[in-house]
Amino acid sequence: MNINEKAIREGMAKANAIIEQRINAALYRLGMYYLQHAIDNKEYSNLTGNTITSTSFGLYKDYQLQQVIFISMKEAIRTKLIKGEWFDEPFDYDGNVRSFQGKIDTDAFYGKDLARDFLMQYRPLKPNAIVLTTGTEYSTYIENELDSNVLTQTRDEAKNTMIQMFNKNFERIK
């Protein structure tokens, strides 16, 4: 290999490293945008705090999970209710007094654990991806039975804005 070929290969390796770093940064910012969108557009009240605190996203590179991101907030006040169990805390996650009986079967653990476990075992459809999730069985119940938004509006927002938002968050090489 002559000196020019070596210089070109080294230059390409540096350029590819910069591009990869900027793609990862753009994906992170995009994930944070959609995570905040999900929290800002939720249509449910918080009982134990497991749905809101488990709303998260995973960053994948070459189909491998690189990072799980949760927004920092007050931790859930207890594990998820199971079917038939009564919420017997003096105040719910939002500070309201109310009673509620569990409507569905859950794993009775914390939502963050289920969200992390899901993202760790999930294989995205594309090699580099952002996957948004919650770690509660109640998310489906809230969406389907209570007709209230958990992640649907954010999924629709992402479908409509993903390319533009990625381009907006990708720092161009000057």
# chains A, B, ... in the order shown; residues from 1 in each chain; ligands from 1

$ select_by_dssp --residues "chain A" --states "helix (DSSP H, G or I)" --output "number ranges by chain"
A: 3-40, 50-54, 111-121, 138-144, 152-169

$ write_last_selection --atoms "C-alpha atoms" --output "PDB file, in the first residue's frame"
ATOM      1  CA  ILE A   3       1.397   6.491   1.159  1.00  0.00           C
ATOM      2  CA  ASN A   4      -1.663   7.951  -0.616  1.00  0.00           C
ATOM      3  CA  GLU A   5      -3.745   4.818  -0.088  1.00  0.00           C
ATOM      4  CA  LYS A   6      -2.757   4.764   3.578  1.00  0.00           C
ATOM      5  CA  ALA A   7      -3.722   8.423   4.019  1.00  0.00           C
ATOM      6  CA  ILE A   8      -7.085   7.856   2.287  1.00  0.00           C
ATOM      7  CA  ARG A   9      -7.873   4.827   4.466  1.00  0.00           C
ATOM      8  CA  GLU A  10      -6.936   6.690   7.643  1.00  0.00           C
ATOM      9  CA  GLY A  11      -9.010   9.679   6.548  1.00  0.00           C
ATOM     10  CA  MET A  12     -12.012   7.463   5.768  1.00  0.00           C
ATOM     11  CA  ALA A  13     -11.705   5.746   9.156  1.00  0.00           C
ATOM     12  CA  LYS A  14     -11.689   9.136  10.911  1.00  0.00           C
ATOM     13  CA  ALA A  15     -14.625  10.384   8.827  1.00  0.00           C
ATOM     14  CA  ASN A  16     -16.641   7.229   9.538  1.00  0.00           C
ATOM     15  CA  ALA A  17     -15.954   7.570  13.282  1.00  0.00           C
ATOM     16  CA  ILE A  18     -17.150  11.193  13.242  1.00  0.00           C
ATOM     17  CA  ILE A  19     -20.265  10.271  11.238  1.00  0.00           C
ATOM     18  CA  GLU A  20     -21.086   7.403  13.618  1.00  0.00           C
ATOM     19  CA  GLN A  21     -20.660   9.650  16.662  1.00  0.00           C
ATOM     20  CA  ARG A  22     -22.960  12.265  15.151  1.00  0.00           C
ATOM     21  CA  ILE A  23     -25.583   9.697  14.158  1.00  0.00           C
ATOM     22  CA  ASN A  24     -25.567   8.313  17.712  1.00  0.00           C
ATOM     23  CA  ALA A  25     -25.903  11.819  19.157  1.00  0.00           C
ATOM     24  CA  ALA A  26     -28.800  12.601  16.796  1.00  0.00           C
ATOM     25  CA  LEU A  27     -30.557   9.350  17.702  1.00  0.00           C
ATOM     26  CA  TYR A  28     -30.142  10.118  21.409  1.00  0.00           C
ATOM     27  CA  ARG A  29     -31.599  13.619  21.000  1.00  0.00           C
ATOM     28  CA  LEU A  30     -34.429  12.185  18.902  1.00  0.00           C
ATOM     29  CA  GLY A  31     -35.172   9.557  21.540  1.00  0.00           C
ATOM     30  CA  MET A  32     -35.220  12.222  24.249  1.00  0.00           C
ATOM     31  CA  TYR A  33     -37.625  14.325  22.178  1.00  0.00           C
ATOM     32  CA  TYR A  34     -40.066  11.418  21.743  1.00  0.00           C
ATOM     33  CA  LEU A  35     -39.697  10.329  25.367  1.00  0.00           C
ATOM     34  CA  GLN A  36     -40.603  13.837  26.532  1.00  0.00           C
ATOM     35  CA  HIS A  37     -43.441  13.896  23.980  1.00  0.00           C
ATOM     36  CA  ALA A  38     -44.864  10.685  25.477  1.00  0.00           C
ATOM     37  CA  ILE A  39     -44.748  12.079  29.001  1.00  0.00           C
ATOM     38  CA  ASP A  40     -46.156  15.478  28.003  1.00  0.00           C
ATOM     39  CA  ASN A  50     -44.972   2.570  37.355  1.00  0.00           C
ATOM     40  CA  THR A  51     -46.257   3.546  33.905  1.00  0.00           C
ATOM     41  CA  ILE A  52     -44.790   7.053  33.917  1.00  0.00           C
ATOM     42  CA  THR A  53     -41.459   6.065  35.492  1.00  0.00           C
ATOM     43  CA  SER A  54     -41.000   3.118  33.131  1.00  0.00           C
ATOM     44  CA  GLY A 111     -42.269  -1.098  35.702  1.00  0.00           C
ATOM     45  CA  LYS A 112     -38.692   0.043  35.142  1.00  0.00           C
ATOM     46  CA  ASP A 113     -37.493  -3.550  35.497  1.00  0.00           C
ATOM     47  CA  LEU A 114     -39.943  -4.848  32.886  1.00  0.00           C
ATOM     48  CA  ALA A 115     -39.089  -1.990  30.496  1.00  0.00           C
ATOM     49  CA  ARG A 116     -35.352  -2.681  30.806  1.00  0.00           C
ATOM     50  CA  ASP A 117     -35.861  -6.438  30.393  1.00  0.00           C
ATOM     51  CA  PHE A 118     -38.029  -5.879  27.309  1.00  0.00           C
ATOM     52  CA  LEU A 119     -35.468  -3.608  25.672  1.00  0.00           C
ATOM     53  CA  MET A 120     -32.652  -6.053  26.469  1.00  0.00           C
ATOM     54  CA  GLN A 121     -34.389  -8.952  24.719  1.00  0.00           C
ATOM     55  CA  TYR A 138     -51.448  -1.394  32.441  1.00  0.00           C
ATOM     56  CA  SER A 139     -50.242   0.578  29.399  1.00  0.00           C
ATOM     57  CA  THR A 140     -52.309  -1.678  27.142  1.00  0.00           C
ATOM     58  CA  TYR A 141     -55.228  -1.533  29.578  1.00  0.00           C
ATOM     59  CA  ILE A 142     -55.062   2.283  29.669  1.00  0.00           C
ATOM     60  CA  GLU A 143     -54.921   2.534  25.867  1.00  0.00           C
ATOM     61  CA  ASN A 144     -57.550  -0.119  25.050  1.00  0.00           C
ATOM     62  CA  THR A 152     -49.990   5.935  20.670  1.00  0.00           C
ATOM     63  CA  GLN A 153     -49.779   9.685  20.065  1.00  0.00           C
ATOM     64  CA  THR A 154     -45.997   9.544  20.259  1.00  0.00           C
ATOM     65  CA  ARG A 155     -45.873   6.618  17.825  1.00  0.00           C
ATOM     66  CA  ASP A 156     -48.020   8.621  15.403  1.00  0.00           C
ATOM     67  CA  GLU A 157     -45.864  11.715  15.938  1.00  0.00           C
ATOM     68  CA  ALA A 158     -42.743   9.675  15.204  1.00  0.00           C
ATOM     69  CA  LYS A 159     -44.254   8.229  12.006  1.00  0.00           C
ATOM     70  CA  ASN A 160     -44.993  11.755  10.779  1.00  0.00           C
ATOM     71  CA  THR A 161     -41.819  13.536  11.887  1.00  0.00           C
ATOM     72  CA  MET A 162     -38.967  11.010  12.282  1.00  0.00           C
ATOM     73  CA  ILE A 163     -36.979  11.944   9.162  1.00  0.00           C
ATOM     74  CA  GLN A 164     -37.353  15.686   9.634  1.00  0.00           C
ATOM     75  CA  MET A 165     -36.508  15.435  13.344  1.00  0.00           C
ATOM     76  CA  PHE A 166     -33.443  13.277  12.655  1.00  0.00           C
ATOM     77  CA  ASN A 167     -32.204  15.771  10.060  1.00  0.00           C
ATOM     78  CA  LYS A 168     -32.826  18.625  12.493  1.00  0.00           C
ATOM     79  CA  ASN A 169     -30.808  16.853  15.201  1.00  0.00           C
TER      80      ASN A 169
END

$ residues_around --residues "Phe91 (chain A)" --least-positions-apart "5" --cutoff "10 Å" --atoms "only C-alpha atoms" --output "ChimeraX atom specification"
/A:47-48,77,96-99

$ atom_distance --atom1 "CA of Asn128 (chain A)" --atom2 "CA of Asp62 (chain A)"
5.8 Å

$ closest_residue --among "A:Thr136, A:Ser148, A:Gln67, A:Asn2" --to "Asp105 (chain A)" --atoms "only C-alpha atoms"
A:Thr136

$ residues_around --residues "Lys42 (chain A)" --least-positions-apart "5" --cutoff "8 Å" --atoms "only C-alpha atoms" --output "list of chain:residue names"
A:Ser148, A:Asn149, A:Val150, A:Leu151

$ select_by_dssp --residues "region 55-173 of chain A" --states "strand (DSSP E or B)" --output "list of chain:residue names"
A:Ser56, A:Phe57, A:Gly58, A:Leu59, A:Tyr60, A:Lys61, A:Gln64, A:Leu65, A:Gln66, A:Gln67, A:Val68, A:Ile69, A:Phe70, A:Trp86, A:Gln101, A:Ala129, A:Ile130, A:Val131, A:Leu132, A:Thr133

$ closest_residue --among "A:Tyr93, A:Glu43, A:Tyr110, A:Met1" --to "Thr134 (chain A)" --atoms "only C-alpha atoms"
A:Tyr110

$ closest_residue --among "A:Leu132, A:Leu125, A:Leu146, A:Ile104" --to "Tyr63 (chain A)" --atoms "only C-alpha atoms"
A:Leu125

$ residues_around --residues "Thr106 (chain A)" --least-positions-apart "2" --cutoff "9 Å" --atoms "only C-alpha atoms" --output "list in words"
Lys80, Leu81, Ile82, Lys83, Ile104, Ala108, Phe109, Thr136, Glu137 and Tyr138 of chain A

$ closest_residue --among "A:Glu145, A:Asp107, A:Val131, A:Gly58" --to "Thr79 (chain A)" --atoms "only C-alpha atoms"
A:Asp107

$ atom_distance --atom1 "CA of Glu75 (chain A)" --atom2 "CA of Gln101 (chain A)"
21.2 Å

$ closest_residue --among "A:Gly84, A:Pro127, A:Gly135, A:Pro90" --to "Phe70 (chain A)" --atoms "only C-alpha atoms"
A:Gly135

$ decode --residues "region 92-118 of chain A" --atoms "N, CA and C atoms" --output "mmCIF file, in the first residue's frame"
data_model
loop_
_atom_site.group_PDB
_atom_site.id
_atom_site.type_symbol
_atom_site.label_atom_id
_atom_site.label_comp_id
_atom_site.auth_asym_id
_atom_site.auth_seq_id
_atom_site.Cartn_x
_atom_site.Cartn_y
_atom_site.Cartn_z
ATOM 1 N N ASP A 92 -51.846 8.492 46.120
ATOM 2 C CA ASP A 92 -51.298 7.901 44.899
ATOM 3 C C ASP A 92 -50.033 8.652 44.485
ATOM 4 N N TYR A 93 -49.440 8.251 43.398
ATOM 5 C CA TYR A 93 -48.186 8.837 42.918
ATOM 6 C C TYR A 93 -48.310 10.341 42.717
ATOM 7 N N ASP A 94 -49.485 10.791 42.276
ATOM 8 C CA ASP A 94 -49.718 12.214 42.022
ATOM 9 C C ASP A 94 -50.100 12.989 43.276
ATOM 10 N N GLY A 95 -50.212 12.297 44.429
ATOM 11 C CA GLY A 95 -50.558 12.969 45.680
ATOM 12 C C GLY A 95 -52.045 13.032 45.968
ATOM 13 N N ASN A 96 -52.840 12.305 45.185
ATOM 14 C CA ASN A 96 -54.292 12.290 45.387
ATOM 15 C C ASN A 96 -54.710 11.134 46.282
ATOM 16 N N VAL A 97 -55.801 11.313 46.991
ATOM 17 C CA VAL A 97 -56.373 10.234 47.794
ATOM 18 C C VAL A 97 -57.390 9.513 46.920
ATOM 19 N N ARG A 98 -57.192 8.223 46.745
ATOM 20 C CA ARG A 98 -58.146 7.438 45.971
ATOM 21 C C ARG A 98 -57.903 5.962 46.213
ATOM 22 N N SER A 99 -58.916 5.177 45.902
ATOM 23 C CA SER A 99 -58.753 3.728 46.005
ATOM 24 C C SER A 99 -58.971 3.146 44.613
ATOM 25 N N PHE A 100 -58.349 2.011 44.403
ATOM 26 C CA PHE A 100 -58.430 1.367 43.094
ATOM 27 C C PHE A 100 -58.140 -0.108 43.294
ATOM 28 N N GLN A 101 -58.909 -0.934 42.602
ATOM 29 C CA GLN A 101 -58.655 -2.370 42.649
ATOM 30 C C GLN A 101 -58.030 -2.795 41.332
ATOM 31 N N GLY A 102 -56.950 -3.578 41.418
ATOM 32 C CA GLY A 102 -56.256 -4.059 40.231
ATOM 33 C C GLY A 102 -57.212 -4.763 39.276
ATOM 34 N N LYS A 103 -57.110 -4.432 37.998
ATOM 35 C CA LYS A 103 -58.025 -4.956 36.983
ATOM 36 C C LYS A 103 -57.418 -6.060 36.127
ATOM 37 N N ILE A 104 -56.088 -6.130 36.073
ATOM 38 C CA ILE A 104 -55.440 -7.096 35.178
ATOM 39 C C ILE A 104 -54.288 -7.791 35.898
ATOM 40 N N ASP A 105 -53.858 -8.900 35.324
ATOM 41 C CA ASP A 105 -52.702 -9.601 35.873
ATOM 42 C C ASP A 105 -51.432 -8.851 35.494
ATOM 43 N N THR A 106 -50.532 -8.724 36.448
ATOM 44 C CA THR A 106 -49.228 -8.120 36.209
ATOM 45 C C THR A 106 -48.160 -9.015 36.818
ATOM 46 N N ASP A 107 -46.916 -8.666 36.602
ATOM 47 C CA ASP A 107 -45.823 -9.421 37.217
ATOM 48 C C ASP A 107 -45.568 -8.980 38.660
ATOM 49 N N ALA A 108 -46.263 -7.938 39.124
ATOM 50 C CA ALA A 108 -46.164 -7.421 40.501
ATOM 51 C C ALA A 108 -44.785 -6.861 40.838
ATOM 52 N N PHE A 109 -44.014 -6.511 39.823
ATOM 53 C CA PHE A 109 -42.709 -5.899 40.034
ATOM 54 C C PHE A 109 -42.777 -4.423 39.660
ATOM 55 N N TYR A 110 -41.648 -3.775 39.633
ATOM 56 C CA TYR A 110 -41.585 -2.378 39.204
ATOM 57 C C TYR A 110 -41.545 -2.292 37.680
ATOM 58 N N GLY A 111 -42.199 -1.283 37.145
ATOM 59 C CA GLY A 111 -42.269 -1.098 35.702
ATOM 60 C C GLY A 111 -40.921 -0.897 35.040
ATOM 61 N N LYS A 112 -40.017 -0.195 35.721
ATOM 62 C CA LYS A 112 -38.692 0.043 35.142
ATOM 63 C C LYS A 112 -37.979 -1.265 34.833
ATOM 64 N N ASP A 113 -38.147 -2.261 35.708
ATOM 65 C CA ASP A 113 -37.493 -3.550 35.497
ATOM 66 C C ASP A 113 -38.021 -4.233 34.240
ATOM 67 N N LEU A 114 -39.345 -4.221 34.066
ATOM 68 C CA LEU A 114 -39.943 -4.848 32.886
ATOM 69 C C LEU A 114 -39.538 -4.100 31.620
ATOM 70 N N ALA A 115 -39.499 -2.771 31.666
ATOM 71 C CA ALA A 115 -39.089 -1.990 30.496
ATOM 72 C C ALA A 115 -37.653 -2.335 30.105
ATOM 73 N N ARG A 116 -36.759 -2.359 31.070
ATOM 74 C CA ARG A 116 -35.352 -2.681 30.806
ATOM 75 C C ARG A 116 -35.223 -4.101 30.253
ATOM 76 N N ASP A 117 -35.922 -5.052 30.864
ATOM 77 C CA ASP A 117 -35.861 -6.438 30.393
ATOM 78 C C ASP A 117 -36.385 -6.557 28.959
ATOM 79 N N PHE A 118 -37.483 -5.853 28.668
ATOM 80 C CA PHE A 118 -38.029 -5.879 27.309
ATOM 81 C C PHE A 118 -37.009 -5.349 26.308
#
